[in-house]
$ cat final-v7.cif   # mmCIF, N, CA and C atoms
data_entry
loop_
_atom_site.label_atom_id
_atom_site.label_comp_id
_atom_site.auth_asym_id
_atom_site.auth_seq_id
_atom_site.Cartn_x
_atom_site.Cartn_y
_atom_site.Cartn_z
N GLN A 1 -17.37 0.82 9.16
CA GLN A 1 -16.57 -0.42 9.22
C GLN A 1 -15.67 -0.48 7.99
N VAL A 2 -14.40 -0.78 8.22
CA VAL A 2 -13.42 -0.84 7.14
C VAL A 2 -12.66 -2.16 7.26
N GLN A 3 -12.57 -2.86 6.16
CA GLN A 3 -11.80 -4.11 6.14
C GLN A 3 -10.90 -4.13 4.92
N LEU A 4 -9.70 -4.65 5.09
CA LEU A 4 -8.75 -4.76 4.00
C LEU A 4 -8.12 -6.15 4.02
N ALA A 5 -7.79 -6.65 2.85
CA ALA A 5 -7.15 -7.96 2.77
C ALA A 5 -6.23 -7.99 1.56
N GLU A 6 -4.98 -8.37 1.80
CA GLU A 6 -3.98 -8.39 0.75
C GLU A 6 -3.84 -9.79 0.15
N SER A 7 -3.32 -9.82 -1.07
CA SER A 7 -2.99 -11.08 -1.73
C SER A 7 -1.90 -10.81 -2.75
N GLY A 8 -1.31 -11.87 -3.26
CA GLY A 8 -0.34 -11.71 -4.33
C GLY A 8 1.10 -11.85 -3.91
N GLY A 9 1.34 -12.01 -2.61
CA GLY A 9 2.71 -12.20 -2.18
C GLY A 9 3.24 -13.55 -2.60
N GLY A 10 4.53 -13.74 -2.40
CA GLY A 10 5.15 -15.01 -2.78
C GLY A 10 6.64 -14.92 -2.74
N SER A 11 7.27 -15.94 -3.31
CA SER A 11 8.73 -16.00 -3.36
C SER A 11 9.20 -15.81 -4.78
N VAL A 12 10.14 -14.91 -4.95
CA VAL A 12 10.72 -14.65 -6.27
C VAL A 12 12.22 -14.51 -6.14
N GLN A 13 12.89 -14.60 -7.26
CA GLN A 13 14.34 -14.40 -7.26
C GLN A 13 14.65 -12.92 -7.52
N THR A 14 15.87 -12.56 -7.19
CA THR A 14 16.32 -11.19 -7.43
C THR A 14 16.06 -10.80 -8.88
N GLY A 15 15.51 -9.61 -9.04
CA GLY A 15 15.19 -9.13 -10.38
C GLY A 15 13.78 -9.46 -10.83
N GLY A 16 13.09 -10.26 -10.04
CA GLY A 16 11.74 -10.66 -10.41
C GLY A 16 10.70 -9.59 -10.10
N SER A 17 9.46 -9.91 -10.43
CA SER A 17 8.35 -8.96 -10.23
C SER A 17 7.20 -9.64 -9.49
N LEU A 18 6.45 -8.82 -8.80
CA LEU A 18 5.24 -9.27 -8.14
C LEU A 18 4.21 -8.16 -8.20
N LYS A 19 2.94 -8.54 -8.27
CA LYS A 19 1.87 -7.56 -8.18
C LYS A 19 1.00 -7.92 -6.98
N LEU A 20 1.00 -7.04 -6.01
CA LEU A 20 0.18 -7.25 -4.82
C LEU A 20 -1.18 -6.61 -5.02
N SER A 21 -2.18 -7.23 -4.45
CA SER A 21 -3.54 -6.71 -4.52
C SER A 21 -4.10 -6.54 -3.11
N CYS A 22 -4.95 -5.55 -2.98
CA CYS A 22 -5.62 -5.30 -1.70
C CYS A 22 -7.09 -5.03 -2.00
N THR A 23 -7.94 -5.88 -1.48
CA THR A 23 -9.36 -5.63 -1.62
C THR A 23 -9.85 -4.96 -0.34
N TYR A 24 -10.60 -3.88 -0.49
CA TYR A 24 -11.07 -3.17 0.69
C TYR A 24 -12.57 -2.99 0.67
N SER A 25 -13.10 -2.98 1.87
CA SER A 25 -14.53 -2.77 2.05
C SER A 25 -14.69 -1.62 3.04
N ILE A 26 -15.27 -0.54 2.57
CA ILE A 26 -15.44 0.64 3.41
C ILE A 26 -16.92 0.95 3.54
N ARG A 27 -17.42 0.73 4.72
CA ARG A 27 -18.83 1.02 5.01
C ARG A 27 -18.89 2.17 6.00
N GLU A 28 -18.41 3.29 5.52
CA GLU A 28 -18.40 4.50 6.32
C GLU A 28 -19.06 5.61 5.50
N ASN A 29 -19.60 6.58 6.20
CA ASN A 29 -20.24 7.70 5.52
C ASN A 29 -19.18 8.74 5.18
N HIS A 30 -18.23 8.32 4.34
CA HIS A 30 -17.12 9.19 3.94
C HIS A 30 -16.56 8.64 2.64
N ASP A 31 -16.21 9.51 1.72
CA ASP A 31 -15.78 9.01 0.42
C ASP A 31 -14.40 9.49 0.00
N ARG A 32 -13.60 9.97 0.95
CA ARG A 32 -12.24 10.40 0.63
C ARG A 32 -11.27 9.69 1.57
N TRP A 33 -10.38 8.94 0.95
CA TRP A 33 -9.47 8.08 1.74
C TRP A 33 -8.07 8.15 1.18
N CYS A 34 -7.12 8.00 2.07
CA CYS A 34 -5.73 7.82 1.68
C CYS A 34 -5.44 6.33 1.75
N LEU A 35 -4.96 5.77 0.67
CA LEU A 35 -4.66 4.34 0.58
C LEU A 35 -3.16 4.17 0.41
N ALA A 36 -2.61 3.17 1.07
CA ALA A 36 -1.15 3.03 1.02
C ALA A 36 -0.72 1.59 1.21
N TRP A 37 0.51 1.37 0.84
CA TRP A 37 1.20 0.10 1.10
C TRP A 37 2.35 0.37 2.06
N PHE A 38 2.47 -0.51 3.04
CA PHE A 38 3.57 -0.50 3.98
C PHE A 38 4.24 -1.87 3.96
N ARG A 39 5.44 -1.91 4.51
CA ARG A 39 6.10 -3.20 4.65
C ARG A 39 6.90 -3.23 5.95
N GLN A 40 7.07 -4.44 6.44
CA GLN A 40 7.85 -4.63 7.65
C GLN A 40 8.70 -5.88 7.52
N ALA A 41 10.00 -5.68 7.56
CA ALA A 41 10.94 -6.80 7.52
C ALA A 41 11.21 -7.26 8.95
N PRO A 42 11.61 -8.51 9.13
CA PRO A 42 11.88 -9.02 10.47
C PRO A 42 12.91 -8.17 11.19
N GLY A 43 12.59 -7.76 12.41
CA GLY A 43 13.51 -6.98 13.21
C GLY A 43 13.62 -5.52 12.83
N LYS A 44 12.80 -5.08 11.90
CA LYS A 44 12.86 -3.68 11.45
C LYS A 44 11.51 -2.99 11.66
N GLN A 45 11.57 -1.67 11.65
CA GLN A 45 10.33 -0.91 11.77
C GLN A 45 9.55 -0.97 10.48
N ARG A 46 8.24 -0.81 10.62
CA ARG A 46 7.39 -0.75 9.45
C ARG A 46 7.70 0.52 8.67
N GLU A 47 7.72 0.43 7.35
CA GLU A 47 8.00 1.60 6.54
C GLU A 47 6.98 1.73 5.41
N GLY A 48 6.68 2.96 5.08
CA GLY A 48 5.76 3.21 3.99
C GLY A 48 6.41 2.92 2.65
N VAL A 49 5.66 2.37 1.73
CA VAL A 49 6.16 2.05 0.40
C VAL A 49 5.59 3.03 -0.64
N ALA A 50 4.28 3.22 -0.62
CA ALA A 50 3.63 4.10 -1.58
C ALA A 50 2.24 4.46 -1.09
N ARG A 51 1.73 5.61 -1.54
CA ARG A 51 0.38 6.01 -1.19
C ARG A 51 -0.31 6.67 -2.38
N ILE A 52 -1.65 6.64 -2.33
CA ILE A 52 -2.48 7.22 -3.38
C ILE A 52 -3.77 7.69 -2.75
N TYR A 53 -4.33 8.74 -3.31
CA TYR A 53 -5.59 9.28 -2.83
C TYR A 53 -6.74 8.59 -3.54
N SER A 54 -7.80 8.30 -2.82
CA SER A 54 -8.92 7.55 -3.39
C SER A 54 -9.56 8.28 -4.58
N GLY A 55 -9.45 9.60 -4.56
CA GLY A 55 -9.99 10.37 -5.68
C GLY A 55 -9.06 10.46 -6.86
N GLY A 56 -7.91 9.83 -6.73
CA GLY A 56 -6.93 9.82 -7.81
C GLY A 56 -5.79 10.78 -7.54
N GLY A 57 -4.61 10.41 -7.95
CA GLY A 57 -3.46 11.28 -7.81
C GLY A 57 -2.85 11.26 -6.42
N TYR A 58 -2.02 12.30 -6.16
CA TYR A 58 -1.32 12.43 -4.88
C TYR A 58 -0.53 11.16 -4.61
N ILE A 59 0.11 10.65 -5.64
CA ILE A 59 0.92 9.44 -5.52
C ILE A 59 2.30 9.80 -5.03
N HIS A 60 2.78 8.99 -4.11
CA HIS A 60 4.13 9.20 -3.57
C HIS A 60 4.75 7.85 -3.27
N TYR A 61 6.03 7.75 -3.56
CA TYR A 61 6.77 6.51 -3.29
C TYR A 61 7.90 6.77 -2.33
N ALA A 62 8.18 5.77 -1.52
CA ALA A 62 9.38 5.82 -0.70
C ALA A 62 10.60 5.72 -1.61
N LYS A 63 11.69 6.33 -1.22
CA LYS A 63 12.90 6.32 -2.04
C LYS A 63 13.35 4.89 -2.32
N SER A 64 13.14 4.00 -1.37
CA SER A 64 13.62 2.63 -1.51
C SER A 64 12.92 1.90 -2.67
N MET A 65 11.70 2.36 -3.04
CA MET A 65 10.95 1.67 -4.10
C MET A 65 10.71 2.55 -5.32
N GLN A 66 11.21 3.78 -5.27
CA GLN A 66 10.98 4.68 -6.39
C GLN A 66 11.58 4.09 -7.65
N ASP A 67 10.89 4.21 -8.75
CA ASP A 67 11.29 3.71 -10.07
C ASP A 67 11.16 2.19 -10.17
N ARG A 68 10.81 1.53 -9.09
CA ARG A 68 10.63 0.07 -9.15
C ARG A 68 9.21 -0.36 -8.80
N ALA A 69 8.39 0.58 -8.32
CA ALA A 69 7.04 0.24 -7.89
C ALA A 69 6.02 1.16 -8.54
N THR A 70 4.83 0.62 -8.74
CA THR A 70 3.71 1.41 -9.24
C THR A 70 2.48 1.10 -8.41
N ILE A 71 1.92 2.13 -7.79
CA ILE A 71 0.69 1.96 -7.03
C ILE A 71 -0.48 2.39 -7.91
N SER A 72 -1.57 1.65 -7.82
CA SER A 72 -2.75 1.98 -8.62
C SER A 72 -4.00 1.50 -7.88
N GLN A 73 -5.14 1.95 -8.36
CA GLN A 73 -6.38 1.56 -7.72
C GLN A 73 -7.48 1.39 -8.77
N ASP A 74 -8.49 0.62 -8.39
CA ASP A 74 -9.68 0.46 -9.20
C ASP A 74 -10.86 0.67 -8.26
N ASN A 75 -11.39 1.87 -8.25
CA ASN A 75 -12.46 2.19 -7.32
C ASN A 75 -13.73 1.38 -7.58
N ASP A 76 -13.96 1.04 -8.83
CA ASP A 76 -15.17 0.27 -9.14
C ASP A 76 -15.11 -1.11 -8.51
N LYS A 77 -13.90 -1.63 -8.37
CA LYS A 77 -13.73 -2.97 -7.80
C LYS A 77 -13.26 -2.91 -6.35
N ASN A 78 -13.07 -1.71 -5.82
CA ASN A 78 -12.54 -1.55 -4.46
C ASN A 78 -11.22 -2.30 -4.31
N MET A 79 -10.31 -2.03 -5.23
CA MET A 79 -9.03 -2.71 -5.24
C MET A 79 -7.89 -1.70 -5.26
N LEU A 80 -6.83 -2.05 -4.54
CA LEU A 80 -5.58 -1.30 -4.53
C LEU A 80 -4.49 -2.26 -4.96
N TYR A 81 -3.55 -1.77 -5.78
CA TYR A 81 -2.50 -2.63 -6.31
C TYR A 81 -1.12 -2.03 -6.04
N LEU A 82 -0.13 -2.93 -6.03
CA LEU A 82 1.26 -2.50 -5.99
C LEU A 82 2.05 -3.42 -6.91
N GLN A 83 2.47 -2.88 -8.02
CA GLN A 83 3.33 -3.61 -8.94
C GLN A 83 4.77 -3.33 -8.56
N MET A 84 5.53 -4.38 -8.31
CA MET A 84 6.93 -4.22 -7.92
C MET A 84 7.82 -4.96 -8.91
N ASN A 85 8.82 -4.27 -9.40
CA ASN A 85 9.75 -4.83 -10.37
C ASN A 85 11.17 -4.77 -9.83
N SER A 86 12.06 -5.48 -10.49
CA SER A 86 13.48 -5.48 -10.11
C SER A 86 13.65 -5.69 -8.61
N LEU A 87 12.98 -6.70 -8.10
CA LEU A 87 12.99 -6.94 -6.66
C LEU A 87 14.36 -7.36 -6.17
N LYS A 88 14.66 -6.95 -4.95
CA LYS A 88 15.95 -7.24 -4.32
C LYS A 88 15.71 -7.99 -3.01
N PRO A 89 16.70 -8.70 -2.52
CA PRO A 89 16.53 -9.41 -1.24
C PRO A 89 16.09 -8.47 -0.11
N GLU A 90 16.52 -7.23 -0.14
CA GLU A 90 16.13 -6.29 0.92
C GLU A 90 14.67 -5.86 0.82
N ASP A 91 13.98 -6.26 -0.22
CA ASP A 91 12.54 -6.02 -0.32
C ASP A 91 11.73 -7.08 0.42
N THR A 92 12.41 -8.09 0.91
CA THR A 92 11.72 -9.14 1.65
C THR A 92 11.05 -8.56 2.89
N ALA A 93 9.74 -8.77 3.01
CA ALA A 93 8.99 -8.18 4.12
C ALA A 93 7.54 -8.65 4.06
N LEU A 94 6.83 -8.34 5.12
CA LEU A 94 5.38 -8.50 5.13
C LEU A 94 4.78 -7.19 4.63
N TYR A 95 4.02 -7.25 3.54
CA TYR A 95 3.45 -6.06 2.93
C TYR A 95 1.99 -5.95 3.32
N SER A 96 1.63 -4.74 3.78
CA SER A 96 0.26 -4.51 4.23
C SER A 96 -0.32 -3.29 3.53
N CYS A 97 -1.61 -3.35 3.26
CA CYS A 97 -2.29 -2.15 2.78
C CYS A 97 -3.01 -1.50 3.96
N ALA A 98 -3.19 -0.21 3.86
CA ALA A 98 -3.79 0.54 4.97
C ALA A 98 -4.54 1.74 4.42
N THR A 99 -5.43 2.28 5.25
CA THR A 99 -6.20 3.44 4.82
C THR A 99 -6.64 4.28 6.00
N TYR A 100 -6.91 5.56 5.72
CA TYR A 100 -7.53 6.42 6.72
C TYR A 100 -8.32 7.50 5.98
N ALA A 101 -9.32 8.03 6.65
CA ALA A 101 -10.18 9.05 6.05
C ALA A 101 -9.47 10.39 6.02
N VAL A 102 -9.61 11.11 4.91
CA VAL A 102 -9.00 12.43 4.76
C VAL A 102 -10.04 13.43 4.24
N ALA A 103 -9.70 14.68 4.40
CA ALA A 103 -10.57 15.73 3.89
C ALA A 103 -10.31 15.97 2.40
N SER A 104 -9.06 15.76 1.99
CA SER A 104 -8.68 15.93 0.59
C SER A 104 -7.38 15.20 0.32
N GLY A 105 -6.98 15.18 -0.93
CA GLY A 105 -5.74 14.52 -1.27
C GLY A 105 -4.51 15.14 -0.61
N TYR A 106 -4.60 16.41 -0.30
CA TYR A 106 -3.47 17.09 0.34
C TYR A 106 -3.17 16.51 1.73
N ASP A 107 -4.16 15.86 2.31
CA ASP A 107 -4.00 15.29 3.64
C ASP A 107 -3.49 13.87 3.62
N CYS A 108 -3.25 13.34 2.44
CA CYS A 108 -2.80 11.95 2.30
C CYS A 108 -1.29 11.90 2.50
N VAL A 109 -0.88 11.38 3.62
CA VAL A 109 0.53 11.37 4.00
C VAL A 109 0.98 9.94 4.27
N LEU A 110 2.15 9.60 3.78
CA LEU A 110 2.68 8.25 3.96
C LEU A 110 3.39 8.15 5.30
N SER A 111 2.59 8.17 6.36
CA SER A 111 3.12 8.04 7.71
C SER A 111 2.30 7.02 8.47
N GLU A 112 2.98 6.04 9.02
CA GLU A 112 2.28 4.93 9.68
C GLU A 112 1.30 5.43 10.74
N ASP A 113 1.66 6.47 11.46
CA ASP A 113 0.84 6.92 12.59
C ASP A 113 -0.55 7.37 12.16
N GLY A 114 -0.69 7.80 10.92
CA GLY A 114 -1.96 8.36 10.49
C GLY A 114 -2.98 7.33 10.07
N PHE A 115 -2.54 6.12 9.81
CA PHE A 115 -3.43 5.12 9.24
C PHE A 115 -4.20 4.37 10.32
N ASP A 116 -5.51 4.30 10.11
CA ASP A 116 -6.39 3.72 11.12
C ASP A 116 -6.75 2.26 10.85
N TYR A 117 -6.71 1.88 9.59
CA TYR A 117 -7.18 0.54 9.23
C TYR A 117 -6.10 -0.19 8.44
N TRP A 118 -5.89 -1.45 8.81
CA TRP A 118 -4.81 -2.24 8.23
C TRP A 118 -5.30 -3.63 7.82
N GLY A 119 -4.71 -4.15 6.75
CA GLY A 119 -4.91 -5.54 6.41
C GLY A 119 -3.89 -6.39 7.15
N PRO A 120 -4.07 -7.71 7.14
CA PRO A 120 -3.16 -8.60 7.87
C PRO A 120 -1.80 -8.76 7.20
N GLY A 121 -1.71 -8.45 5.91
CA GLY A 121 -0.43 -8.52 5.22
C GLY A 121 -0.27 -9.74 4.35
N THR A 122 0.66 -9.62 3.40
CA THR A 122 1.03 -10.73 2.53
C THR A 122 2.55 -10.76 2.45
N GLN A 123 3.13 -11.93 2.57
CA GLN A 123 4.58 -12.07 2.66
C GLN A 123 5.21 -12.04 1.27
N VAL A 124 6.26 -11.25 1.14
CA VAL A 124 7.08 -11.21 -0.07
C VAL A 124 8.50 -11.62 0.32
N THR A 125 9.01 -12.63 -0.36
CA THR A 125 10.36 -13.11 -0.10
C THR A 125 11.15 -13.09 -1.40
N VAL A 126 12.28 -12.39 -1.37
CA VAL A 126 13.13 -12.28 -2.55
C VAL A 126 14.45 -12.97 -2.25
N SER A 127 14.78 -13.96 -3.03
CA SER A 127 16.01 -14.70 -2.80
C SER A 127 17.07 -14.28 -3.80
N SER A 128 18.32 -14.40 -3.35
CA SER A 128 19.43 -13.98 -4.22
C SER A 128 19.90 -15.12 -5.10
#
$ encode --input "final-v7.cif" --output "structure tokens"
Amino acid sequence: QVQLAESGGGSVQTGGSLKLSCTYSIRENHDRWCLAWFRQAPGKQREGVARIYSGGGYIHYAKSMQDRATISQDNDKNMLYLQMNSLKPEDTALYSCATYAVASGYDCVLSEDGFDYWGPGTQVTVSS
């Protein structure tokens, strides 16, 4: 059983920052997971923002958020984070965390199709 829940969304002005949090509960007999953040703006397809391997490393960012976002995790607390800076109106979206079981970090891919478990999302709104 896997459950995820996001928090930390809100409304900010252009140039502002937000730190999203995702608490996850994984009750599976497996200890290697790919963790990621996705976002979906109204009328648009969901897109990957960043991913990280549960064992550490294998971090990758989408070009749209590169240099403006930092993904991190705290395994002791079962927490995943996304620090976002220099936010723009086009960053407005519902942000969701997601995960799927992998054999190793090499299998951690930022593709929506691969992720089996999703949180309900937290809304981020950036005004100009």
$ atom_distance --input "final-v7.cif" --atom1 "CA of Ser25 in chain A" --atom2 "CA of Ser7 in chain A"
14.7 Å
$ residues_around --input "final-v7.cif" --residues "Ser96 in chain A" --least-positions-apart "5" --cutoff "8 Å" --atoms "all atoms listed in the file" --output "ChimeraX atom specification"
/A:5-6,22,36-40,118-123
$ select_by_dssp --input "final-v7.cif" --residues "chain A" --states "strand (DSSP E or B)" --output "short mmCIF file (atom, residue, chain, number, x, y, z; two decimals) with N, CA and C atoms, in the coordinates of the input"
data_model
loop_
_atom_site.label_atom_id
_atom_site.label_comp_id
_atom_site.auth_asym_id
_atom_site.auth_seq_id
_atom_site.Cartn_x
_atom_site.Cartn_y
_atom_site.Cartn_z
N VAL A 2 -14.40 -0.78 8.22
CA VAL A 2 -13.42 -0.84 7.14
C VAL A 2 -12.66 -2.16 7.26
N GLN A 3 -12.57 -2.86 6.16
CA GLN A 3 -11.80 -4.11 6.14
C GLN A 3 -10.90 -4.13 4.92
N LEU A 4 -9.70 -4.65 5.09
CA LEU A 4 -8.75 -4.76 4.00
C LEU A 4 -8.12 -6.15 4.02
N ALA A 5 -7.79 -6.65 2.85
CA ALA A 5 -7.15 -7.96 2.77
C ALA A 5 -6.23 -7.99 1.56
N GLU A 6 -4.98 -8.37 1.80
CA GLU A 6 -3.98 -8.39 0.75
C GLU A 6 -3.84 -9.79 0.15
N SER A 7 -3.32 -9.82 -1.07
CA SER A 7 -2.99 -11.08 -1.73
C SER A 7 -1.90 -10.81 -2.75
N GLY A 10 4.53 -13.74 -2.40
CA GLY A 10 5.15 -15.01 -2.78
C GLY A 10 6.64 -14.92 -2.74
N SER A 11 7.27 -15.94 -3.31
CA SER A 11 8.73 -16.00 -3.36
C SER A 11 9.20 -15.81 -4.78
N VAL A 12 10.14 -14.91 -4.95
CA VAL A 12 10.72 -14.65 -6.27
C VAL A 12 12.22 -14.51 -6.14
N GLN A 13 12.89 -14.60 -7.26
CA GLN A 13 14.34 -14.40 -7.26
C GLN A 13 14.65 -12.92 -7.52
N LEU A 18 6.45 -8.82 -8.80
CA LEU A 18 5.24 -9.27 -8.14
C LEU A 18 4.21 -8.16 -8.20
N LYS A 19 2.94 -8.54 -8.27
CA LYS A 19 1.87 -7.56 -8.18
C LYS A 19 1.00 -7.92 -6.98
N LEU A 20 1.00 -7.04 -6.01
CA LEU A 20 0.18 -7.25 -4.82
C LEU A 20 -1.18 -6.61 -5.02
N SER A 21 -2.18 -7.23 -4.45
CA SER A 21 -3.54 -6.71 -4.52
C SER A 21 -4.10 -6.54 -3.11
N CYS A 22 -4.95 -5.55 -2.98
CA CYS A 22 -5.62 -5.30 -1.70
C CYS A 22 -7.09 -5.03 -2.00
N THR A 23 -7.94 -5.88 -1.48
CA THR A 23 -9.36 -5.63 -1.62
C THR A 23 -9.85 -4.96 -0.34
N TYR A 24 -10.60 -3.88 -0.49
CA TYR A 24 -11.07 -3.17 0.69
C TYR A 24 -12.57 -2.99 0.67
N SER A 25 -13.10 -2.98 1.87
CA SER A 25 -14.53 -2.77 2.05
C SER A 25 -14.69 -1.62 3.04
N ILE A 26 -15.27 -0.54 2.57
CA ILE A 26 -15.44 0.64 3.41
C ILE A 26 -16.92 0.95 3.54
N TRP A 33 -10.38 8.94 0.95
CA TRP A 33 -9.47 8.08 1.74
C TRP A 33 -8.07 8.15 1.18
N CYS A 34 -7.12 8.00 2.07
CA CYS A 34 -5.73 7.82 1.68
C CYS A 34 -5.44 6.33 1.75
N LEU A 35 -4.96 5.77 0.67
CA LEU A 35 -4.66 4.34 0.58
C LEU A 35 -3.16 4.17 0.41
N ALA A 36 -2.61 3.17 1.07
CA ALA A 36 -1.15 3.03 1.02
C ALA A 36 -0.72 1.59 1.21
N TRP A 37 0.51 1.37 0.84
CA TRP A 37 1.20 0.10 1.10
C TRP A 37 2.35 0.37 2.06
N PHE A 38 2.47 -0.51 3.04
CA PHE A 38 3.57 -0.50 3.98
C PHE A 38 4.24 -1.87 3.96
N ARG A 39 5.44 -1.91 4.51
CA ARG A 39 6.10 -3.20 4.65
C ARG A 39 6.90 -3.23 5.95
N GLN A 40 7.07 -4.44 6.44
CA GLN A 40 7.85 -4.63 7.65
C GLN A 40 8.70 -5.88 7.52
N GLU A 47 7.72 0.43 7.35
CA GLU A 47 8.00 1.60 6.54
C GLU A 47 6.98 1.73 5.41
N GLY A 48 6.68 2.96 5.08
CA GLY A 48 5.76 3.21 3.99
C GLY A 48 6.41 2.92 2.65
N VAL A 49 5.66 2.37 1.73
CA VAL A 49 6.16 2.05 0.40
C VAL A 49 5.59 3.03 -0.64
N ALA A 50 4.28 3.22 -0.62
CA ALA A 50 3.63 4.10 -1.58
C ALA A 50 2.24 4.46 -1.09
N ARG A 51 1.73 5.61 -1.54
CA ARG A 51 0.38 6.01 -1.19
C ARG A 51 -0.31 6.67 -2.38
N ILE A 52 -1.65 6.64 -2.33
CA ILE A 52 -2.48 7.22 -3.38
C ILE A 52 -3.77 7.69 -2.75
N TYR A 53 -4.33 8.74 -3.31
CA TYR A 53 -5.59 9.28 -2.83
C TYR A 53 -6.74 8.59 -3.54
N HIS A 60 2.78 8.99 -4.11
CA HIS A 60 4.13 9.20 -3.57
C HIS A 60 4.75 7.85 -3.27
N TYR A 61 6.03 7.75 -3.56
CA TYR A 61 6.77 6.51 -3.29
C TYR A 61 7.90 6.77 -2.33
N ALA A 69 8.39 0.58 -8.32
CA ALA A 69 7.04 0.24 -7.89
C ALA A 69 6.02 1.16 -8.54
N THR A 70 4.83 0.62 -8.74
CA THR A 70 3.71 1.41 -9.24
C THR A 70 2.48 1.10 -8.41
N ILE A 71 1.92 2.13 -7.79
CA ILE A 71 0.69 1.96 -7.03
C ILE A 71 -0.48 2.39 -7.91
N SER A 72 -1.57 1.65 -7.82
CA SER A 72 -2.75 1.98 -8.62
C SER A 72 -4.00 1.50 -7.88
N GLN A 73 -5.14 1.95 -8.36
CA GLN A 73 -6.38 1.56 -7.72
C GLN A 73 -7.48 1.39 -8.77
N ASP A 74 -8.49 0.62 -8.39
CA ASP A 74 -9.68 0.46 -9.20
C ASP A 74 -10.86 0.67 -8.26
N MET A 79 -10.31 -2.03 -5.23
CA MET A 79 -9.03 -2.71 -5.24
C MET A 79 -7.89 -1.70 -5.26
N LEU A 80 -6.83 -2.05 -4.54
CA LEU A 80 -5.58 -1.30 -4.53
C LEU A 80 -4.49 -2.26 -4.96
N TYR A 81 -3.55 -1.77 -5.78
CA TYR A 81 -2.50 -2.63 -6.31
C TYR A 81 -1.12 -2.03 -6.04
N LEU A 82 -0.13 -2.93 -6.03
CA LEU A 82 1.26 -2.50 -5.99
C LEU A 82 2.05 -3.42 -6.91
N GLN A 83 2.47 -2.88 -8.02
CA GLN A 83 3.33 -3.61 -8.94
C GLN A 83 4.77 -3.33 -8.56
N MET A 84 5.53 -4.38 -8.31
CA MET A 84 6.93 -4.22 -7.92
C MET A 84 7.82 -4.96 -8.91
N ALA A 93 9.74 -8.77 3.01
CA ALA A 93 8.99 -8.18 4.12
C ALA A 93 7.54 -8.65 4.06
N LEU A 94 6.83 -8.34 5.12
CA LEU A 94 5.38 -8.50 5.13
C LEU A 94 4.78 -7.19 4.63
N TYR A 95 4.02 -7.25 3.54
CA TYR A 95 3.45 -6.06 2.93
C TYR A 95 1.99 -5.95 3.32
N SER A 96 1.63 -4.74 3.78
CA SER A 96 0.26 -4.51 4.23
C SER A 96 -0.32 -3.29 3.53
N CYS A 97 -1.61 -3.35 3.26
CA CYS A 97 -2.29 -2.15 2.78
C CYS A 97 -3.01 -1.50 3.96
N ALA A 98 -3.19 -0.21 3.86
CA ALA A 98 -3.79 0.54 4.97
C ALA A 98 -4.54 1.74 4.42
N THR A 99 -5.43 2.28 5.25
CA THR A 99 -6.20 3.44 4.82
C THR A 99 -6.64 4.28 6.00
N TYR A 100 -6.91 5.56 5.72
CA TYR A 100 -7.53 6.42 6.72
C TYR A 100 -8.32 7.50 5.98
N ALA A 101 -9.32 8.03 6.65
CA ALA A 101 -10.18 9.05 6.05
C ALA A 101 -9.47 10.39 6.02
N TYR A 117 -6.71 1.88 9.59
CA TYR A 117 -7.18 0.54 9.23
C TYR A 117 -6.10 -0.19 8.44
N TRP A 118 -5.89 -1.45 8.81
CA TRP A 118 -4.81 -2.24 8.23
C TRP A 118 -5.30 -3.63 7.82
N THR A 122 0.66 -9.62 3.40
CA THR A 122 1.03 -10.73 2.53
C THR A 122 2.55 -10.76 2.45
N GLN A 123 3.13 -11.93 2.57
CA GLN A 123 4.58 -12.07 2.66
C GLN A 123 5.21 -12.04 1.27
N VAL A 124 6.26 -11.25 1.14
CA VAL A 124 7.08 -11.21 -0.07
C VAL A 124 8.50 -11.62 0.32
N THR A 125 9.01 -12.63 -0.36
CA THR A 125 10.36 -13.11 -0.10
C THR A 125 11.15 -13.09 -1.40
N VAL A 126 12.28 -12.39 -1.37
CA VAL A 126 13.13 -12.28 -2.55
C VAL A 126 14.45 -12.97 -2.25
N SER A 127 14.78 -13.96 -3.03
CA SER A 127 16.01 -14.70 -2.80
C SER A 127 17.07 -14.28 -3.80
#
$ closest_residue --input "final-v7.cif" --among "A:Gln45, A:Tyr81, A:Gly57, A:Ile52" --to "Lys19 in chain A" --atoms "all atoms listed in the file"
A:Tyr81
$ resolve_selection --input "final-v7.cif" --expression "the PyMOL selection byres (((chain A and resi 29-35 and name CA) around 9) and name CA)" --output "list in words"
Ile26, Arg27, Glu28, Ala36, Trp37, Ala50, Arg51, Ile52, Tyr53, Ser54, Gly55, Gln73, Leu80, Cys97, Ala98, Thr99, Tyr100, Ala101, Val102, Ala103, Ser104, Gly105, Asp107, Cys108, Val109, Leu110 and Phe115 of chain A
